[in-house]
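Notes to accompany the following structure.
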Amino acid sequence: MIKEVDKQNFKKIIKEKECVVVDFYANWCGPCKMLRPILEEIASQYPEISFVSIDVDKEDELSREYGIYSIPCLILFKNGLEEKRVVGLKSKDELKELLGDK
Amino acid sequence: MYDIIIIGGGIAGLTSALYASRAGKSVLVLEEASYGGAIINTLDIANYPGISHISGYELATNLYEQVKELKVSIVNEKALKIKNMRNKKQVITKNNVYEGKAIILATGRNNRKLGLLHEDELIGKGLSYCATCDGAFYRGKVVSVVGGGNTALEDALYLSTIAKEVYLIHRRDTFRGDDITINLLKKKDNVHFIFNSTISKFKITDHRLSGIVIKNSQEETILVDALFVAIGREPKNEIVKNLVKLDDNGYIIINQKCHTNIKGIFAAGDNCRKSLYQLVTATSDGAIAAEEAVLYLNKKKG
């Protein structure tokens, strides 16, 4: 399961584990919906990584803070700092590459 | 060995799978990313007969579920090469070789890129190929659209309701779009037309797009928060360009029965040369290609 986070708990959550993947999405975004099951499958294969999501419509401030201008946007945080980001619908293999050296 | 291998899990490919499977054939669908194809970016489909309104995601998911019920194999692998052999066809992916008796090519299209330096790295950082997807992030900002067809015009019109200013850049002096949209755009105070111009460079500040360099008789820089590229689409026929006959624009040449010039290889959907690129023609192609592939297999069996 990919947990929904908000402004209140976000800063704490991205430091909870060494690596955290944040999925910036919106309910009206088709590619975001396509990405979700792929992400859930990957999440089950990487128990050491936290996977969370942010609804950009609800979390305007966070979206602006992280400069989200296109969704789906996945950001990989390492020790609370942005390490990598990918924009757009990706295949399972491409996402594994993002996490590859973790 | 599968009876039919379908390359591409968009609307055309999945419709082919539906028809072929219902005709009793074993079917494999190879899809590189996720099912649905281009339609998943459409928020509201209003011209699909019998359905007043549906999102692209919902329609694609319904079709996917319908196909899944038929025990079609759907595999998320990218086809890298196709071999046409005497009695079978092979489709090669990174880790596997699949064999089939017939093939349906339904790979679809990609957005055409400008081909400028730093284009890929600016995606999501000010550069977008989908105004309806990303436009909402630019409320009150200055944006630009490049292109001269209906997509560019509709993008500019949509963005004019969100952004502060919209620059529409086109390499010719007239648009190739509907008069209705052009007239609506002309009435908008915040839409500015820049004709006979191309974009030659991106201006980048802090890893984000901050402006575009416009070239006509001279060069000028416009500061913008976003550029929406709407210069058309191109067929994804790279892997079949030495296999089947393509037209000058890279589209597969098919006859009315969705046959390519190679026996046992059929094509359906946006990667084919045709006059109308719509959902209804994708489903139509998909059904015809499947029926023809089934006929081909039945004849072969003799």
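Within each chain, counting starts at residue 1; across the structure tokens, chains are named A, B, ... in the order shown, with ligands numbered 1 upward in that order.
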
Within 6 Å of chain A, which residues of chain B show up? Give each one with its shortest atom-to-atom distance in Å (one decimal) and the two atoms involved, counting only C-alpha atoms, rows by chain then rising residue number, as a Markdown table.
| residue | atom | partner | partner_atom | distance |
| --- | --- | --- | --- | --- |
| B:Ala33 | CA | A:Ser91 | CA | 4.3 |
| B:Ile40 | CA | A:Gly30 | CA | 5.1 |
| B:Asn41 | CA | A:Gly30 | CA | 5.6 |
| B:Tyr57 | CA | A:Gly30 | CA | 5.1 |
| B:Gly124 | CA | A:Ser70 | CA | 4.7 |
| B:Asp134 | CA | A:Ser70 | CA | 5.1 |
| B:Phe137 | CA | A:Tyr69 | CA | 5.5 |

Next item on the list: For A:Val5, please output as a count of residues only all residues within 12 Å (counting only C-alpha atoms; exclusion window: fewer than 5 positions along the same chain).
Entry: 20

Next item on the list: Would you kindly return, as JSON, numbers by chain, each protein, DNA or RNA residue with an atom no farther than 9 Å from any atom of B:Lys141, considering only C-alpha atoms and excluding same-chain residues fewer than 5 positions away?
Entry: {"B": [162, 163, 164, 165, 166, 224, 225, 226]}

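What separates atom CA of B:Asp270 from atom CA of B:Ile39 is a distance of 11.1 Å.
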
Margin query: For B:Ile103, find every residue with an atom within 7 Å (counting only C-alpha atoms), except residues of its own chain fewer than 6 positions away, and show them as a PyMOL selection string.
Written below: chain B and resi 4-6+264-266

Margin query: Just to confirm, what's the straight-line distance from atom CA of A:Ser44 to atom CA of B:Asn76 in Å (one decimal)?
Written below: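 Those two atoms sit 17.6 Å apart.
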
Note to self: So that I can check the surroundings of A:Glu48, please list as a list in words every protein, DNA and RNA residue that reaches within 10 Å of it, counting only C-alpha atoms and ignoring chain neighbours fewer than 4 positions away.
What the structure shows: Lys17, Glu18, Cys19, Val20, Ala43, Ser44 and Lys102 of chain A

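Nearest residue to B:Ile253 among B:Lys236, B:His170, B:Lys274, B:Arg112 is B:Lys274, counting only C-alpha atoms.
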
Note to self: Just list as a list in words whatever in chain A DSSP marks as strand (DSSP E).
What the structure shows: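 For chain A, the strand (DSSP E) set is Lys3, Glu4, Cys19, Val20, Val21, Val22, Asp23, Phe24, Tyr25, Ser50, Phe51, Val52, Ser53, Ile54, Asp55, Cys73, Leu74, Ile75, Leu76, Phe77, Lys78, Leu81, Glu82, Glu83, Lys84, Arg85, Val86 and Val87 of chain A.
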
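Shortest atom-to-atom contact with B:Tyr35 among B:Ser73, B:Ser284, B:Thr221, B:Thr61: B:Thr61, counting only C-alpha atoms.
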
Next item on the list: Just the residues within 8 Å of B:Gly149, please, counting only C-alpha atoms, with nothing from its chain fewer than 3 positions along; format it as an MDAnalysis selection string.
Entry: chainID B and resid 152:153 175:177 230:232

Prev. selection, all heavy atoms, output as a compact mmCIF listing (two decimals), in the first residue's frame:
# COMPACT_ATOMS: atom_id res chain seq x y z
N ALA B 152 -2.27 22.52 -31.15
CA ALA B 152 -1.63 23.74 -30.67
C ALA B 152 -2.67 24.82 -30.39
O ALA B 152 -2.62 25.51 -29.36
CB ALA B 152 -0.62 24.24 -31.70
N LEU B 153 -3.64 24.94 -31.28
CA LEU B 153 -4.68 25.97 -31.11
C LEU B 153 -5.53 25.68 -29.87
O LEU B 153 -5.82 26.57 -29.07
CB LEU B 153 -5.58 26.01 -32.35
CG LEU B 153 -4.89 26.41 -33.66
CD1 LEU B 153 -5.84 26.22 -34.83
CD2 LEU B 153 -4.41 27.85 -33.59
N PHE B 175 -2.54 29.23 -39.76
CA PHE B 175 -2.70 27.98 -39.01
C PHE B 175 -3.37 26.91 -39.85
O PHE B 175 -4.09 27.21 -40.79
CB PHE B 175 -3.56 28.23 -37.77
CG PHE B 175 -2.89 29.11 -36.76
CD1 PHE B 175 -3.40 30.37 -36.48
CD2 PHE B 175 -1.76 28.68 -36.09
CE1 PHE B 175 -2.79 31.18 -35.54
CE2 PHE B 175 -1.14 29.49 -35.15
CZ PHE B 175 -1.66 30.75 -34.87
N ARG B 176 -3.11 25.66 -39.50
CA ARG B 176 -3.81 24.54 -40.14
C ARG B 176 -4.84 24.02 -39.16
O ARG B 176 -4.78 22.90 -38.74
CB ARG B 176 -2.84 23.37 -40.38
CG ARG B 176 -1.75 23.54 -41.35
CD ARG B 176 -0.81 22.32 -41.28
NE ARG B 176 0.13 22.41 -40.17
CZ ARG B 176 0.13 21.63 -39.12
NH1 ARG B 176 -0.74 20.66 -39.00
NH2 ARG B 176 1.02 21.79 -38.17
N GLY B 177 -5.76 24.83 -38.74
CA GLY B 177 -6.73 24.34 -37.75
C GLY B 177 -8.12 24.84 -38.03
O GLY B 177 -8.36 25.52 -39.02
N ALA B 230 3.45 21.28 -29.39
CA ALA B 230 2.31 20.64 -30.07
C ALA B 230 2.57 20.66 -31.57
O ALA B 230 1.86 21.29 -32.34
CB ALA B 230 1.01 21.36 -29.72
N ILE B 231 3.64 20.01 -31.96
CA ILE B 231 4.05 20.02 -33.37
C ILE B 231 3.77 18.67 -34.04
O ILE B 231 4.45 18.28 -34.98
CB ILE B 231 5.53 20.42 -33.52
CG1 ILE B 231 6.42 19.52 -32.66
CG2 ILE B 231 5.74 21.88 -33.16
CD1 ILE B 231 7.91 19.68 -32.93
N GLY B 232 2.79 17.98 -33.51
CA GLY B 232 2.39 16.74 -34.15
C GLY B 232 2.94 15.50 -33.47
O GLY B 232 3.59 15.57 -32.44

Check: Any idea what the distance is between atom CA of B:Ala20 and atom CA of B:Glu291?
Finding: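 Answer for the atom CA of B:Ala20 to atom CA of B:Glu291 separation: 6.8 Å.
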
Notebook entry, point to check: Which of these, A:Ile2, A:Leu99, A:Asn9, A:Tyr46, has the shortest distance to A:Lys84 once you count only C-alpha atoms?
Noted result: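 The shortest atom-to-atom distance to A:Lys84 comes from A:Leu99.
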
Checklist line | Residue contacts of B:Gly8 (12 Å, only C-alpha atoms) excluding same-chain residues fewer than 6 positions away, as a PyMOL selection string | finding: chain B and resi 14-17+28-38+74-79+103-109+236-237+267-271+286
